[in-house]
$ cat data-v9.pdb   # PDB, C-alpha atoms
MODEL        1
ATOM      1  CA  MET A   1    -151.465-196.255 -24.233
ATOM      2  CA  ASN A   2    -149.597-193.903 -21.897
ATOM      3  CA  GLU A   3    -149.194-195.193 -18.362
ATOM      4  CA  MET A   4    -149.588-192.694 -15.564
ATOM      5  CA  SER A   5    -146.605-192.403 -13.201
ATOM      6  CA  ASN A   6    -147.056-193.557  -9.603
ATOM      7  CA  GLU A   7    -146.670-189.959  -8.404
ATOM      8  CA  ALA A   8    -149.394-188.688 -10.751
ATOM      9  CA  ARG A   9    -151.719-191.545  -9.800
ATOM     10  CA  GLN A  10    -151.157-190.863  -6.082
ATOM     11  CA  LEU A  11    -151.852-187.148  -6.501
ATOM     12  CA  GLN A  12    -154.988-187.881  -8.523
ATOM     13  CA  GLU A  13    -156.250-190.290  -5.846
ATOM     14  CA  HIS A  14    -155.486-187.785  -3.089
ATOM     15  CA  LEU A  15    -157.378-185.031  -4.918
ATOM     16  CA  GLN A  16    -160.354-187.334  -5.465
ATOM     17  CA  LYS A  17    -160.507-188.297  -1.770
ATOM     18  CA  ALA A  18    -160.382-184.692  -0.557
ATOM     19  CA  PRO A  19    -161.703-182.462  -3.345
ATOM     20  CA  GLN A  20    -161.160-178.721  -3.070
ATOM     21  CA  HIS A  21    -163.678-176.047  -4.010
ATOM     22  CA  THR A  22    -161.330-173.074  -4.423
ATOM     23  CA  ALA A  23    -158.123-172.464  -6.335
ATOM     24  CA  THR A  24    -156.388-171.495  -3.091
ATOM     25  CA  GLY A  25    -157.448-174.749  -1.439
ATOM     26  CA  LEU A  26    -156.214-176.685  -4.444
ATOM     27  CA  LEU A  27    -152.902-174.790  -4.469
ATOM     28  CA  LEU A  28    -152.348-175.643  -0.803
ATOM     29  CA  GLN A  29    -153.377-179.267  -1.262
ATOM     30  CA  VAL A  30    -151.151-179.924  -4.292
ATOM     31  CA  LEU A  31    -148.198-178.219  -2.622
ATOM     32  CA  SER A  32    -148.769-180.162   0.593
ATOM     33  CA  VAL A  33    -148.693-183.488  -1.247
ATOM     34  CA  ALA A  34    -145.630-182.446  -3.254
ATOM     35  CA  VAL A  35    -143.595-181.049  -0.368
ATOM     36  CA  THR A  36    -144.350-183.909   2.014
ATOM     37  CA  SER A  37    -143.435-186.396  -0.741
ATOM     38  CA  LYS A  38    -140.076-184.745  -1.447
ATOM     39  CA  PRO A  39    -139.068-182.813   1.684
ATOM     40  CA  VAL A  40    -135.367-182.651   0.813
ATOM     41  CA  ASN A  41    -136.077-181.113  -2.599
ATOM     42  CA  ALA A  42    -138.583-178.724  -1.000
ATOM     43  CA  ARG A  43    -135.712-176.661   0.391
ATOM     44  CA  ARG A  44    -135.469-175.259  -3.150
ATOM     45  CA  LEU A  45    -139.004-173.771  -3.119
ATOM     46  CA  PRO A  46    -137.811-170.248  -2.175
ATOM     47  CA  GLU A  47    -136.018-170.197  -5.554
ATOM     48  CA  LEU A  48    -139.460-169.662  -7.114
ATOM     49  CA  ARG A  49    -140.018-165.934  -6.786
ATOM     50  CA  GLY A  50    -140.956-162.856  -8.718
ATOM     51  CA  SER A  51    -138.779-159.854  -9.383
ATOM     52  CA  GLN A  52    -139.953-158.323  -6.084
ATOM     53  CA  ARG A  53    -142.424-160.734  -4.526
ATOM     54  CA  ILE A  54    -141.454-163.762  -2.520
ATOM     55  CA  TYR A  55    -143.714-166.735  -3.267
ATOM     56  CA  PHE A  56    -142.442-169.297  -0.731
ATOM     57  CA  SER A  57    -140.887-168.893   2.693
ATOM     58  CA  GLU A  58    -140.650-170.618   6.046
ATOM     59  CA  THR A  59    -142.053-167.479   7.681
ATOM     60  CA  PRO A  60    -145.169-165.543   6.689
ATOM     61  CA  ASP A  61    -143.428-162.235   7.461
ATOM     62  CA  GLU A  62    -140.940-162.667   4.625
ATOM     63  CA  ILE A  63    -143.813-162.988   2.137
ATOM     64  CA  LEU A  64    -145.775-160.164   3.777
ATOM     65  CA  THR A  65    -142.894-157.708   3.462
ATOM     66  CA  SER A  66    -142.299-158.538  -0.217
ATOM     67  CA  GLY A  67    -145.466-156.845  -1.453
ATOM     68  CA  ARG A  68    -148.929-155.589  -0.669
ATOM     69  CA  SER A  69    -151.865-157.946  -0.198
ATOM     70  CA  THR A  70    -149.843-161.158  -0.309
ATOM     71  CA  ASP A  71    -151.981-163.235   2.111
ATOM     72  CA  PRO A  72    -149.402-165.935   2.953
ATOM     73  CA  GLN A  73    -150.906-169.244   4.041
ATOM     74  CA  LYS A  74    -149.183-172.249   5.570
ATOM     75  CA  ILE A  75    -148.819-175.275   3.322
ATOM     76  CA  PRO A  76    -150.404-178.059   5.414
ATOM     77  CA  GLY A  77    -147.993-180.588   6.864
ATOM     78  CA  THR A  78    -144.923-178.503   6.009
ATOM     79  CA  THR A  79    -142.825-175.655   7.372
ATOM     80  CA  PHE A  80    -143.532-173.519   4.292
ATOM     81  CA  TYR A  81    -145.872-170.641   3.549
ATOM     82  CA  VAL A  82    -147.011-169.615   0.088
ATOM     83  CA  LEU A  83    -148.352-166.348  -1.280
ATOM     84  CA  THR A  84    -152.047-166.860  -2.058
ATOM     85  CA  ASN A  85    -153.394-163.455  -3.096
ATOM     86  CA  ALA A  86    -152.979-164.051  -6.824
ATOM     87  CA  ASN A  87    -155.191-165.027  -9.723
ATOM     88  CA  ASN A  88    -156.117-168.625 -10.459
ATOM     89  CA  ASP A  89    -153.815-168.863 -13.467
ATOM     90  CA  TRP A  90    -150.859-167.879 -11.257
ATOM     91  CA  LYS A  91    -151.869-170.544  -8.717
ATOM     92  CA  ARG A  92    -152.010-173.205 -11.435
ATOM     93  CA  ASN A  93    -148.640-172.171 -12.859
ATOM     94  CA  THR A  94    -147.061-171.979  -9.411
ATOM     95  CA  CYS A  95    -148.174-175.545  -8.676
ATOM     96  CA  LEU A  96    -146.653-176.694 -11.959
ATOM     97  CA  SER A  97    -143.421-174.771 -11.384
ATOM     98  CA  ALA A  98    -143.093-176.220  -7.885
ATOM     99  CA  LEU A  99    -143.679-179.762  -9.141
ATOM    100  CA  ARG A 100    -141.055-179.274 -11.841
ATOM    101  CA  LEU A 101    -138.553-177.838  -9.340
ATOM    102  CA  LEU A 102    -139.155-180.697  -6.919
ATOM    103  CA  GLY A 103    -138.443-183.259  -9.640
ATOM    104  CA  PHE A 104    -141.866-184.734 -10.315
ATOM    105  CA  PRO A 105    -142.616-186.415 -13.664
ATOM    106  CA  PRO A 106    -144.225-184.392 -16.490
ATOM    107  CA  ASP A 107    -147.550-186.275 -16.321
ATOM    108  CA  MET A 108    -148.307-184.516 -13.030
ATOM    109  CA  ALA A 109    -149.250-181.492 -15.163
ATOM    110  CA  LYS A 110    -152.246-183.356 -16.585
ATOM    111  CA  VAL A 111    -153.535-184.106 -13.077
ATOM    112  CA  VAL A 112    -152.994-180.524 -11.869
ATOM    113  CA  ASN A 113    -154.551-178.978 -14.979
ATOM    114  CA  ALA A 114    -157.607-181.248 -14.710
ATOM    115  CA  ALA A 115    -158.034-180.371 -11.026
ATOM    116  CA  PHE A 116    -157.808-176.636 -11.689
ATOM    117  CA  ASP A 117    -160.247-176.965 -14.615
ATOM    118  CA  LYS A 118    -162.706-178.682 -12.285
ATOM    119  CA  VAL A 119    -162.331-176.114  -9.493
ATOM    120  CA  CYS A 120    -162.153-172.974 -11.634
ATOM    121  CA  GLY A 121    -164.080-174.063 -14.680
ATOM    122  CA  ASP A 122    -162.462-173.914 -18.075
ATOM    123  CA  GLN A 123    -161.684-170.208 -18.096
ATOM    124  CA  ASN A 124    -159.323-170.288 -21.064
ATOM    125  CA  PHE A 125    -156.283-170.755 -18.866
ATOM    126  CA  GLN A 126    -152.976-171.488 -20.460
ATOM    127  CA  ARG A 127    -152.386-175.192 -19.839
ATOM    128  CA  GLY A 128    -149.061-175.581 -18.101
ATOM    129  CA  LEU A 129    -146.515-178.269 -18.670
ATOM    130  CA  LEU A 130    -143.831-179.767 -16.461
TER
ENDMDL
END
$ encode --input "data-v9.pdb" --output "structure tokens"
Amino acid sequence: MNEMSNEARQLQEHLQKAPQHTATGLLLQVLSVAVTSKPVNARRLPELRGSQRIYFSETPDEILTSGRSTDPQKIPGTTFYVLTNANNDWKRNTCLSALRLLGFPPDMAKVVNAAFDKVCGDQNFQRGLL
């Protein structure tokens, strides 16, 4: 039997206490838990970016100027903003990439994938791994 890591169990409990109804809400909630749990590692978030678009920044303007229709939103409880005008698969994969970058254990992917499946329905998304 595989034991769930403390981090994965805590995220799962947090998501159960305050369930989200949209992929954007879930993105913000997962990132909030992750960044507030590992604030020192969170300084690396701006490393996650596209070829032209900026995904994470401490100012919304930096995200806004990196592309059209970016809709940056503040990650609750943090100094960071994240691009949110993207499809649900991107939001899922961005959560997983951020968790990996921040140094969370691989079993967090199971919790994140299950939460996105619940919010978005099983829309044949590629299941991400950490």
$ resolve_selection --input "data-v9.pdb" --expression "the PyMOL selection byres ((chain A and resi 61-65) around 12)" --output "MDAnalysis selection string"
chainID A and resid 46 49:50 52:60 66:74 80:85
$ atom_distance --input "data-v9.pdb" --atom1 "CA of Asn88 in chain A" --atom2 "CA of Gln10 in chain A"
23.2 Å
$ resolve_selection --input "data-v9.pdb" --expression "the PyMOL selection byres ((chain A and resi 16) around 12)" --output "tab-separated table (two decimals) with C-alpha atoms, in the frame of the given file"
chain	number	residue	atom	x	y	z
A	9	ARG	CA	-151.72	-191.54	-9.80
A	10	GLN	CA	-151.16	-190.86	-6.08
A	11	LEU	CA	-151.85	-187.15	-6.50
A	12	GLN	CA	-154.99	-187.88	-8.52
A	13	GLU	CA	-156.25	-190.29	-5.85
A	14	HIS	CA	-155.49	-187.78	-3.09
A	15	LEU	CA	-157.38	-185.03	-4.92
A	17	LYS	CA	-160.51	-188.30	-1.77
A	18	ALA	CA	-160.38	-184.69	-0.56
A	19	PRO	CA	-161.70	-182.46	-3.34
A	20	GLN	CA	-161.16	-178.72	-3.07
A	21	HIS	CA	-163.68	-176.05	-4.01
A	26	LEU	CA	-156.21	-176.68	-4.44
A	29	GLN	CA	-153.38	-179.27	-1.26
A	30	VAL	CA	-151.15	-179.92	-4.29
A	111	VAL	CA	-153.54	-184.11	-13.08
A	112	VAL	CA	-152.99	-180.52	-11.87
A	114	ALA	CA	-157.61	-181.25	-14.71
A	115	ALA	CA	-158.03	-180.37	-11.03
A	118	LYS	CA	-162.71	-178.68	-12.28
$ residues_around --input "data-v9.pdb" --residues "Thr36 in chain A" --least-positions-apart "2" --cutoff "12 Å" --atoms "all atoms listed in the file" --output "tab-separated table (two decimals) with C-alpha atoms, in the frame of the given file"
chain	number	residue	atom	x	y	z
A	11	LEU	CA	-151.85	-187.15	-6.50
A	28	LEU	CA	-152.35	-175.64	-0.80
A	29	GLN	CA	-153.38	-179.27	-1.26
A	30	VAL	CA	-151.15	-179.92	-4.29
A	31	LEU	CA	-148.20	-178.22	-2.62
A	32	SER	CA	-148.77	-180.16	0.59
A	33	VAL	CA	-148.69	-183.49	-1.25
A	34	ALA	CA	-145.63	-182.45	-3.25
A	38	LYS	CA	-140.08	-184.74	-1.45
A	39	PRO	CA	-139.07	-182.81	1.68
A	40	VAL	CA	-135.37	-182.65	0.81
A	41	ASN	CA	-136.08	-181.11	-2.60
A	42	ALA	CA	-138.58	-178.72	-1.00
A	43	ARG	CA	-135.71	-176.66	0.39
A	75	ILE	CA	-148.82	-175.28	3.32
A	76	PRO	CA	-150.40	-178.06	5.41
A	77	GLY	CA	-147.99	-180.59	6.86
A	78	THR	CA	-144.92	-178.50	6.01
A	79	THR	CA	-142.82	-175.66	7.37
A	80	PHE	CA	-143.53	-173.52	4.29
A	99	LEU	CA	-143.68	-179.76	-9.14
A	102	LEU	CA	-139.16	-180.70	-6.92
$ resolve_selection --input "data-v9.pdb" --expression "the PyMOL selection byres ((chain A and resi 4) around 10)" --output "ChimeraX atom specification"
/A:1-3,5-10,105-108,110-111
$ residues_near_point --input "data-v9.pdb" --point "(-143.9, -175.1, -10.4)" --cutoff "10 Å" --atoms "all atoms listed in the file" --output "list in words"
Leu31, Leu45, Leu48, Lys91, Arg92, Asn93, Thr94, Cys95, Leu96, Ser97, Ala98, Leu99, Arg100, Leu101, Leu102, Gly103, Phe104, Ala109, Gly128, Leu129 and Leu130 of chain A
$ atom_distance --input "data-v9.pdb" --atom1 "CA of Leu27 in chain A" --atom2 "CA of Cys120 in chain A"
11.8 Å
$ axis_aligned_box --input "data-v9.pdb" --around "range 72-85 of chain A" --padding-each-side "5 Å" --output "lines of an AutoDock Vina configuration file"
center_x = -148.1
center_y = -172.0
center_z = 2.1
size_x = 20.6
size_y = 27.1
size_z = 20.5
$ closest_residue --input "data-v9.pdb" --among "A:Ser37, A:Asn113, A:Ser51, A:Val119" --to "Ala23 in chain A" --atoms "only C-alpha atoms"
A:Val119
$ build_atoms --input "data-v9.pdb" --residues "range 108-119 of chain A" --atoms "all heavy atoms" --output "mmCIF file, in the coordinates of the input"
data_model
loop_
_atom_site.group_PDB
_atom_site.id
_atom_site.type_symbol
_atom_site.label_atom_id
_atom_site.label_comp_id
_atom_site.auth_asym_id
_atom_site.auth_seq_id
_atom_site.Cartn_x
_atom_site.Cartn_y
_atom_site.Cartn_z
ATOM 1 N N MET A 108 -147.615 -185.172 -14.149
ATOM 2 C CA MET A 108 -148.307 -184.516 -13.030
ATOM 3 C C MET A 108 -149.071 -183.290 -13.535
ATOM 4 O O MET A 108 -150.091 -182.917 -12.956
ATOM 5 C CB MET A 108 -147.302 -184.085 -11.962
ATOM 6 C CG MET A 108 -146.586 -185.236 -11.273
ATOM 7 S SD MET A 108 -147.569 -186.064 -10.039
ATOM 8 C CE MET A 108 -147.324 -184.981 -8.657
ATOM 9 N N ALA A 109 -148.588 -182.682 -14.614
ATOM 10 C CA ALA A 109 -149.250 -181.492 -15.163
ATOM 11 C C ALA A 109 -150.680 -181.808 -15.582
ATOM 12 O O ALA A 109 -151.582 -180.997 -15.375
ATOM 13 C CB ALA A 109 -148.459 -180.939 -16.344
ATOM 14 N N LYS A 110 -150.899 -182.971 -16.145
ATOM 15 C CA LYS A 110 -152.246 -183.356 -16.585
ATOM 16 C C LYS A 110 -153.195 -183.433 -15.388
ATOM 17 O O LYS A 110 -154.332 -182.952 -15.452
ATOM 18 C CB LYS A 110 -152.199 -184.695 -17.324
ATOM 19 C CG LYS A 110 -153.510 -185.125 -17.875
ATOM 20 C CD LYS A 110 -153.387 -186.398 -18.683
ATOM 21 C CE LYS A 110 -154.742 -186.800 -19.238
ATOM 22 N NZ LYS A 110 -154.669 -188.030 -20.023
ATOM 23 N N VAL A 111 -152.715 -183.993 -14.290
ATOM 24 C CA VAL A 111 -153.535 -184.106 -13.077
ATOM 25 C C VAL A 111 -153.837 -182.722 -12.507
ATOM 26 O O VAL A 111 -154.977 -182.412 -12.165
ATOM 27 C CB VAL A 111 -152.823 -185.005 -12.033
ATOM 28 C CG1 VAL A 111 -153.601 -185.026 -10.722
ATOM 29 C CG2 VAL A 111 -152.629 -186.414 -12.574
ATOM 30 N N VAL A 112 -152.815 -181.874 -12.424
ATOM 31 C CA VAL A 112 -152.994 -180.524 -11.869
ATOM 32 C C VAL A 112 -153.916 -179.696 -12.768
ATOM 33 O O VAL A 112 -154.830 -179.022 -12.273
ATOM 34 C CB VAL A 112 -151.631 -179.830 -11.662
ATOM 35 C CG1 VAL A 112 -151.803 -178.359 -11.332
ATOM 36 C CG2 VAL A 112 -150.842 -180.545 -10.568
ATOM 37 N N ASN A 113 -153.698 -179.743 -14.066
ATOM 38 C CA ASN A 113 -154.551 -178.978 -14.979
ATOM 39 C C ASN A 113 -156.005 -179.433 -14.885
ATOM 40 O O ASN A 113 -156.917 -178.601 -14.862
ATOM 41 C CB ASN A 113 -154.038 -179.088 -16.414
ATOM 42 C CG ASN A 113 -152.843 -178.205 -16.671
ATOM 43 O OD1 ASN A 113 -152.767 -177.091 -16.170
ATOM 44 N ND2 ASN A 113 -151.907 -178.692 -17.457
ATOM 45 N N ALA A 114 -156.238 -180.735 -14.817
ATOM 46 C CA ALA A 114 -157.607 -181.248 -14.710
ATOM 47 C C ALA A 114 -158.258 -180.790 -13.400
ATOM 48 O O ALA A 114 -159.435 -180.417 -13.380
ATOM 49 C CB ALA A 114 -157.609 -182.770 -14.808
ATOM 50 N N ALA A 115 -157.489 -180.801 -12.322
ATOM 51 C CA ALA A 115 -158.034 -180.371 -11.026
ATOM 52 C C ALA A 115 -158.384 -178.887 -11.040
ATOM 53 O O ALA A 115 -159.447 -178.490 -10.554
ATOM 54 C CB ALA A 115 -157.031 -180.681 -9.916
ATOM 55 N N PHE A 116 -157.506 -178.067 -11.612
ATOM 56 C CA PHE A 116 -157.808 -176.636 -11.689
ATOM 57 C C PHE A 116 -158.987 -176.373 -12.625
ATOM 58 O O PHE A 116 -159.811 -175.502 -12.343
ATOM 59 C CB PHE A 116 -156.577 -175.824 -12.106
ATOM 60 C CG PHE A 116 -155.755 -175.377 -10.944
ATOM 61 C CD1 PHE A 116 -154.708 -176.157 -10.487
ATOM 62 C CD2 PHE A 116 -156.029 -174.194 -10.278
ATOM 63 C CE1 PHE A 116 -153.948 -175.775 -9.390
ATOM 64 C CE2 PHE A 116 -155.289 -173.791 -9.177
ATOM 65 C CZ PHE A 116 -154.244 -174.584 -8.727
ATOM 66 N N ASP A 117 -159.089 -177.115 -13.722
ATOM 67 C CA ASP A 117 -160.247 -176.965 -14.615
ATOM 68 C C ASP A 117 -161.543 -177.260 -13.867
ATOM 69 O O ASP A 117 -162.549 -176.567 -14.033
ATOM 70 C CB ASP A 117 -160.135 -177.894 -15.823
ATOM 71 C CG ASP A 117 -159.106 -177.433 -16.839
ATOM 72 O OD1 ASP A 117 -158.618 -176.291 -16.745
ATOM 73 O OD2 ASP A 117 -158.786 -178.241 -17.735
ATOM 74 N N LYS A 118 -161.513 -178.290 -13.029
ATOM 75 C CA LYS A 118 -162.706 -178.682 -12.285
ATOM 76 C C LYS A 118 -163.078 -177.623 -11.242
ATOM 77 O O LYS A 118 -164.239 -177.267 -11.088
ATOM 78 C CB LYS A 118 -162.477 -180.031 -11.610
ATOM 79 C CG LYS A 118 -163.691 -180.586 -10.928
ATOM 80 C CD LYS A 118 -163.436 -181.983 -10.413
ATOM 81 C CE LYS A 118 -164.693 -182.538 -9.763
ATOM 82 N NZ LYS A 118 -164.470 -183.882 -9.242
ATOM 83 N N VAL A 119 -162.081 -177.099 -10.546
ATOM 84 C CA VAL A 119 -162.331 -176.114 -9.493
ATOM 85 C C VAL A 119 -162.712 -174.747 -10.073
ATOM 86 O O VAL A 119 -163.628 -174.090 -9.596
ATOM 87 C CB VAL A 119 -161.098 -175.974 -8.565
ATOM 88 C CG1 VAL A 119 -161.202 -174.762 -7.674
ATOM 89 C CG2 VAL A 119 -160.933 -177.224 -7.726
#
